[in-house]
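S.K.: Pasting a structure here, questions to come.
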Amino acid sequence: MIDVKHLSKSFGDHLVLDDISEHIAPGEKVVIIGPSGSGKSTFLRCLNLLETPTAGTITFDGKEITDPKVNIDAVRRQMGMVFQHFNLFPNMTIRKNITLAPVRTGLMKPEEADAEAVKLLGRVGLTDKADAYPNQLSGGQKQRIAIVRAMAMKPKLMLFDEPTSALDPEMVGEVLEVMKQLAREGMTMVVVTHEMGFAREVGSRVLFMDEGRIVEQNEPRQLFDHPESERLQGFLAKVL
Ligand code: ADP
Ligand code: MG
């Protein structure tokens with residue numbers, strides 16, 4: 001589904017991603033772990049072109065999206081992204097937050113989008129919040145809305161950047177549960193997280209990033225129980 005070849009990204013003379021090549025197959029749940037500043041967010045943001053790679057190519061669903069002629073907005077619509085800080089529109093109801101993009105892009109008529117929003121809210125147990133505003137919701141509720149808002153665009157792939165890091169501990173579980181549900185339904189997912197339990201349970205593959213490179217990757221049990229590189233051993237010793 002995604003093929004990354006020799007991806008590099010610099011900010012000024014600071015090399016943040018250093019020649020990354022990676023392949024993500026349909027249905028995979030790829031979890032990315034690694035220390036702060038290692039380039040995890042930048043990598044995710046390059047995948048949907050929120051950042052422009054300095055070098056290398058990214059192919060998504062058979063199309064080279066790093067080609068300058070490509071319509072970036074059309075590509076992004078097929079990739080849902082969920083951020084640490086929710087990024088809901090504060091001046092709009094939850095219903096409007098969910099229906100805005102599908103209607104504006106012509107994916108759905110307003111009535112269809114509304115029916116879809118109601119269905120999605122039901123799935124995450126928040127039907128009664130349709131006409132509330134984001135500031136009336138808890139952090140965990142906001143993040144569940146952010147996930148279904150992304151899903152309303154019927155993406156082929158979902159990207160998550162530390163979706164539970166800004167939450168109070170008692171709200172982490174409800175958000176991970178929604179992500180697990182998505183995973184069970186077969187969604188292709190790339191998830192940056194510090195939730196090692198989630199990585200172990202849901203990840204089909206875990207990538208360990210350090211200093212702009214993928215230093216080690218493996219299926220979760222192998223990676224966590226038998227880390228090969230010293231850097232991964234050191235990282236796991238701190239976080240587990
Ligand atoms: P992580 O998500 O693993 O914590 P990031 O991808 O956010 O790491 O950042 C990797 C490095 O790139 C950091 O040193 C960070 O300061 C730098 N960086 C990220 N975004 C920018 C930017 N827009 N401008 C300059 N430097 C940036
Ligand atoms: Mg980050």
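Going by the structure tokens order, chains are called A, B, ..., each with residues numbered from 1, while ligands are numbered from 1 in the order shown.
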Give me, as a list in words, the set of residues whose atoms come within 10 Å of any atom of ligand 2, counting only C-alpha atoms and all ligand atoms.

M.R.: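 So the residues close to ligand 2 are Ile33, Gly34, Pro35, Ser36, Gly37, Ser38, Gly39, Lys40, Ser41, Thr42, Phe43, Leu44, Arg45, Phe83, Gln84, Asp161, Glu162, Val192 and Thr193 of chain A.
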
S.K.: If we count only C-alpha atoms, what is near Met189 (chain A) at a cut-off of 9 Å, once residues fewer than 5 positions away on the same chain are taken out, given as number ranges by chain?

M.R.: A: 26-31, 157-160, 182-183

S.K.: Atoms to include: N, CA and C atoms. Write the selected residues as a PDB file, in the first residue's frame.

M.R.:
ATOM      1  N   PRO A  26      -1.140  -3.802   2.544  1.00  0.00           N
ATOM      2  CA  PRO A  26      -2.534  -3.599   2.965  1.00  0.00           C
ATOM      3  C   PRO A  26      -2.866  -4.457   4.184  1.00  0.00           C
ATOM      4  N   GLY A  27      -3.567  -3.861   5.146  1.00  0.00           N
ATOM      5  CA  GLY A  27      -3.989  -4.591   6.337  1.00  0.00           C
ATOM      6  C   GLY A  27      -2.955  -4.627   7.447  1.00  0.00           C
ATOM      7  N   GLU A  28      -1.742  -4.199   7.177  1.00  0.00           N
ATOM      8  CA  GLU A  28      -0.716  -4.220   8.224  1.00  0.00           C
ATOM      9  C   GLU A  28      -1.010  -3.183   9.304  1.00  0.00           C
ATOM     10  N   LYS A  29      -0.585  -3.494  10.516  1.00  0.00           N
ATOM     11  CA  LYS A  29      -0.640  -2.538  11.621  1.00  0.00           C
ATOM     12  C   LYS A  29       0.801  -2.322  12.051  1.00  0.00           C
ATOM     13  N   VAL A  30       1.365  -1.218  11.571  1.00  0.00           N
ATOM     14  CA  VAL A  30       2.768  -0.937  11.842  1.00  0.00           C
ATOM     15  C   VAL A  30       2.851   0.036  13.011  1.00  0.00           C
ATOM     16  N   VAL A  31       3.561  -0.363  14.037  1.00  0.00           N
ATOM     17  CA  VAL A  31       3.727   0.507  15.204  1.00  0.00           C
ATOM     18  C   VAL A  31       5.146   1.053  15.189  1.00  0.00           C
ATOM     19  N   LEU A 157      -6.107   4.168   4.689  1.00  0.00           N
ATOM     20  CA  LEU A 157      -4.993   4.024   5.618  1.00  0.00           C
ATOM     21  C   LEU A 157      -5.212   5.026   6.743  1.00  0.00           C
ATOM     22  N   MET A 158      -4.857   4.617   7.960  1.00  0.00           N
ATOM     23  CA  MET A 158      -4.960   5.572   9.067  1.00  0.00           C
ATOM     24  C   MET A 158      -3.584   5.763   9.700  1.00  0.00           C
ATOM     25  N   LEU A 159      -3.224   7.018   9.929  1.00  0.00           N
ATOM     26  CA  LEU A 159      -1.961   7.363  10.578  1.00  0.00           C
ATOM     27  C   LEU A 159      -2.286   7.954  11.951  1.00  0.00           C
ATOM     28  N   PHE A 160      -1.611   7.460  12.966  1.00  0.00           N
ATOM     29  CA  PHE A 160      -1.849   7.956  14.336  1.00  0.00           C
ATOM     30  C   PHE A 160      -0.523   8.450  14.915  1.00  0.00           C
ATOM     31  N   LEU A 182     -10.759  -0.834  15.042  1.00  0.00           N
ATOM     32  CA  LEU A 182     -10.372  -0.533  13.661  1.00  0.00           C
ATOM     33  C   LEU A 182      -9.409  -1.587  13.118  1.00  0.00           C
ATOM     34  N   ALA A 183      -8.476  -1.961  13.962  1.00  0.00           N
ATOM     35  CA  ALA A 183      -7.473  -2.948  13.554  1.00  0.00           C
ATOM     36  C   ALA A 183      -8.154  -4.269  13.217  1.00  0.00           C
TER      37      ALA A 183
END

S.K.: Would you list the contacts of region 121-137 of chain A as a PyMOL selection string, taking every protein, DNA or RNA residue within 7 Å and counting only C-alpha atoms, but skipping same-chain residues closer than 6 positions in sequence?

M.R.: chain A and resi 88+90+92-95+144+178

S.K.: Find the residue from A:Phe89, A:Phe224, A:Phe60, A:Phe235 that sits nearest to Asp210 (chain A); use only C-alpha atoms when measuring.

M.R.: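 Closest residue, counting only C-alpha atoms: A:Phe235.
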
S.K.: For Pro102 (chain A), which residue among A:Lys63, A:Arg205, A:Arg149, A:Lys69 is the nearest when counting only C-alpha atoms?

M.R.: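 Under the stated criterion, the closest residue is A:Arg149.
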
S.K.: Using backbone DSSP assignments, extract all strand (DSSP E or B) residues from region 46-177 of chain A; output them as a PyMOL selection string.

M.R.: chain A and resi 55-60+63-64+79-82+157-161

S.K.: For Gly197 (chain A), work out the shell of residues within 10 Å, counting only C-alpha atoms and skipping chain neighbours fewer than 6 positions away, then give it as JSON, numbers by chain.

M.R.: {"A": [203, 220, 240]}

S.K.: Can those selected residues be exported to a file as a tab-separated table (two decimals), in the first residue's frame so that it contains C-alpha atoms?

M.R.:
chain	number	residue	atom	x	y	z
A	203	GLY	CA	1.11	-4.52	15.91
A	220	PRO	CA	6.33	-7.44	18.30
A	240	LEU	CA	9.32	-1.09	29.89

S.K.: Nearest to ligand 1 among A:Ser204, A:Gln141, A:Asn71, A:Ser165, with distances taken over only C-alpha atoms and all ligand atoms: which residue is it?

M.R.: A:Ser165

S.K.: If you run DSSP on this backbone, which residues of region 5-175 of chain A come out as helix (DSSP H, G or I), and could you give them as a short mmCIF file (atom, residue, chain, number, x, y, z; two decimals) with C-alpha atoms, in the first residue's frame?

M.R.:
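Generated file (part.cif):
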data_model
loop_
_atom_site.label_atom_id
_atom_site.label_comp_id
_atom_site.auth_asym_id
_atom_site.auth_seq_id
_atom_site.Cartn_x
_atom_site.Cartn_y
_atom_site.Cartn_z
CA LYS A 40 8.76 9.49 14.17
CA SER A 41 6.36 12.39 13.59
CA THR A 42 8.31 13.67 10.62
CA PHE A 43 8.20 10.21 9.04
CA LEU A 44 4.42 9.99 9.53
CA ARG A 45 3.95 13.52 8.21
CA CYS A 46 6.01 12.72 5.12
CA LEU A 47 3.77 9.74 4.38
CA ILE A 72 -1.75 16.41 -2.68
CA ASP A 73 -5.24 17.10 -1.33
CA ALA A 74 -6.68 14.13 -3.19
CA VAL A 75 -3.96 11.91 -1.74
CA ARG A 76 -4.43 13.18 1.81
CA ARG A 77 -8.15 12.49 1.67
CA ILE A 94 -19.31 17.28 16.75
CA ARG A 95 -21.73 16.45 13.94
CA LYS A 96 -20.32 19.30 11.85
CA ASN A 97 -16.75 18.27 12.66
CA ILE A 98 -17.48 14.83 11.23
CA THR A 99 -19.55 15.82 8.20
CA LEU A 100 -17.58 18.86 7.03
CA ALA A 101 -14.86 17.15 4.99
CA PRO A 102 -17.00 14.44 3.33
CA VAL A 103 -19.53 17.07 2.23
CA ARG A 104 -17.03 19.74 1.20
CA PRO A 110 -25.21 16.33 3.48
CA GLU A 111 -27.91 13.78 4.42
CA GLU A 112 -25.59 10.87 3.71
CA ALA A 113 -22.78 12.44 5.71
CA ASP A 114 -25.14 13.05 8.59
CA ALA A 115 -26.33 9.44 8.58
CA GLU A 116 -22.71 8.28 8.46
CA ALA A 117 -21.80 10.58 11.36
CA VAL A 118 -24.62 9.14 13.48
CA LYS A 119 -23.48 5.63 12.66
CA LEU A 120 -19.85 6.41 13.51
CA LEU A 121 -20.83 8.10 16.76
CA GLY A 122 -22.79 4.99 17.70
CA ARG A 123 -19.72 2.86 17.14
CA THR A 127 -24.34 9.26 19.89
CA ASP A 128 -25.56 11.71 22.52
CA LYS A 129 -22.70 14.12 21.77
CA PRO A 134 -15.56 19.95 21.47
CA ASN A 135 -14.93 21.89 24.68
CA GLN A 136 -17.85 20.03 26.29
CA GLY A 139 -9.96 14.36 26.19
CA GLY A 140 -10.77 10.71 25.58
CA GLN A 141 -14.10 11.62 23.99
CA LYS A 142 -12.43 14.24 21.79
CA GLN A 143 -9.89 11.73 20.58
CA ARG A 144 -12.58 9.14 19.79
CA ILE A 145 -14.32 11.86 17.76
CA ALA A 146 -11.06 12.72 15.99
CA ILE A 147 -10.74 9.07 14.98
CA VAL A 148 -14.27 8.79 13.61
CA ARG A 149 -13.92 12.15 11.89
CA ALA A 150 -10.95 10.72 9.99
CA MET A 151 -12.90 7.53 9.26
CA PRO A 169 -4.36 7.90 32.15
CA GLU A 170 -7.95 6.82 32.79
CA MET A 171 -8.90 7.86 29.23
CA VAL A 172 -6.16 6.01 27.39
CA GLY A 173 -8.00 2.68 27.37
CA GLU A 174 -11.15 3.94 25.67
CA VAL A 175 -9.12 5.40 22.79
#

S.K.: As an exercise, work out the distance from atom 27 (C, counted along the ligand's line) of ligand 1 to CA of Thr188 (chain A) in Å and give it to one decimal place.

M.R.: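 Taking atom 27 (C, counted along the ligand's line) of ligand 1 and CA of Thr188 (chain A), their separation equals 26.9 Å.
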
S.K.: For atom 2 (O, counted along the ligand's line) of ligand 1 and CA of Glu64 (chain A), quote the distance in Å rounded to one decimal.

M.R.: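 Straight-line distance from atom 2 (O, counted along the ligand's line) of ligand 1 to CA of Glu64 (chain A) works out to 24.3 Å.
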
S.K.: Within 12 Å of His14 (chain A), counting only C-alpha atoms, which residues qualify if same-chain residues fewer than 2 places away don't, as a list in words?

M.R.: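 Close residues of His14 (chain A): Ser8, Lys9, Ser10, Phe11, Gly12, Val16, Leu17, Asp18, Gly37, Gly39, Thr54, Glu211 and Gly212 of chain A.
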
S.K.: Could you dump the residues just selected with N, CA and C atoms as a compact mmCIF listing (two decimals), in the first residue's frame?

M.R.:
# COMPACT_ATOMS: atom_id res chain seq x y z
N SER A 8 14.58 10.96 2.65
CA SER A 8 15.34 11.79 3.58
C SER A 8 14.59 13.10 3.76
N LYS A 9 14.76 13.66 4.96
CA LYS A 9 14.15 14.97 5.22
C LYS A 9 15.10 15.78 6.09
N SER A 10 15.39 16.98 5.65
CA SER A 10 16.21 17.89 6.45
C SER A 10 15.41 19.14 6.76
N PHE A 11 15.64 19.69 7.93
CA PHE A 11 15.18 21.04 8.23
C PHE A 11 16.45 21.89 8.28
N GLY A 12 16.64 22.76 7.32
CA GLY A 12 17.91 23.48 7.22
C GLY A 12 19.03 22.47 7.05
N VAL A 16 16.88 14.97 9.55
CA VAL A 16 15.92 14.39 10.51
C VAL A 16 15.50 12.98 10.10
N LEU A 17 15.41 12.74 8.80
CA LEU A 17 15.16 11.38 8.29
C LEU A 17 16.30 11.05 7.34
N ASP A 18 16.93 9.90 7.57
CA ASP A 18 18.18 9.60 6.89
C ASP A 18 18.04 8.33 6.05
N GLY A 37 12.34 12.97 19.38
CA GLY A 37 13.28 13.63 18.47
C GLY A 37 13.89 12.69 17.45
N GLY A 39 12.48 11.33 14.91
CA GLY A 39 11.94 11.52 13.56
C GLY A 39 10.63 10.80 13.30
N THR A 54 12.86 15.77 1.44
CA THR A 54 14.00 16.42 0.79
C THR A 54 14.50 15.53 -0.36
N GLU A 211 17.50 8.50 15.71
CA GLU A 211 18.32 9.43 14.92
C GLU A 211 18.01 9.36 13.42
N GLY A 212 16.70 9.36 13.12
CA GLY A 212 16.30 9.48 11.73
C GLY A 212 16.38 8.22 10.90

S.K.: Could you jot down the CA of Phe198 (chain A) to CA of Asn218 (chain A) separation for me, Å, one decimal place?

M.R.: 15.1 Å

S.K.: Using only C-alpha atoms, pick whichever of A:Val239, A:Leu232, A:Ile2, A:Ala199 has the shortest atom-to-atom distance to Ala25 (chain A).

M.R.: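 Distance minimum relative to Ala25 (chain A) lands on A:Ile2.
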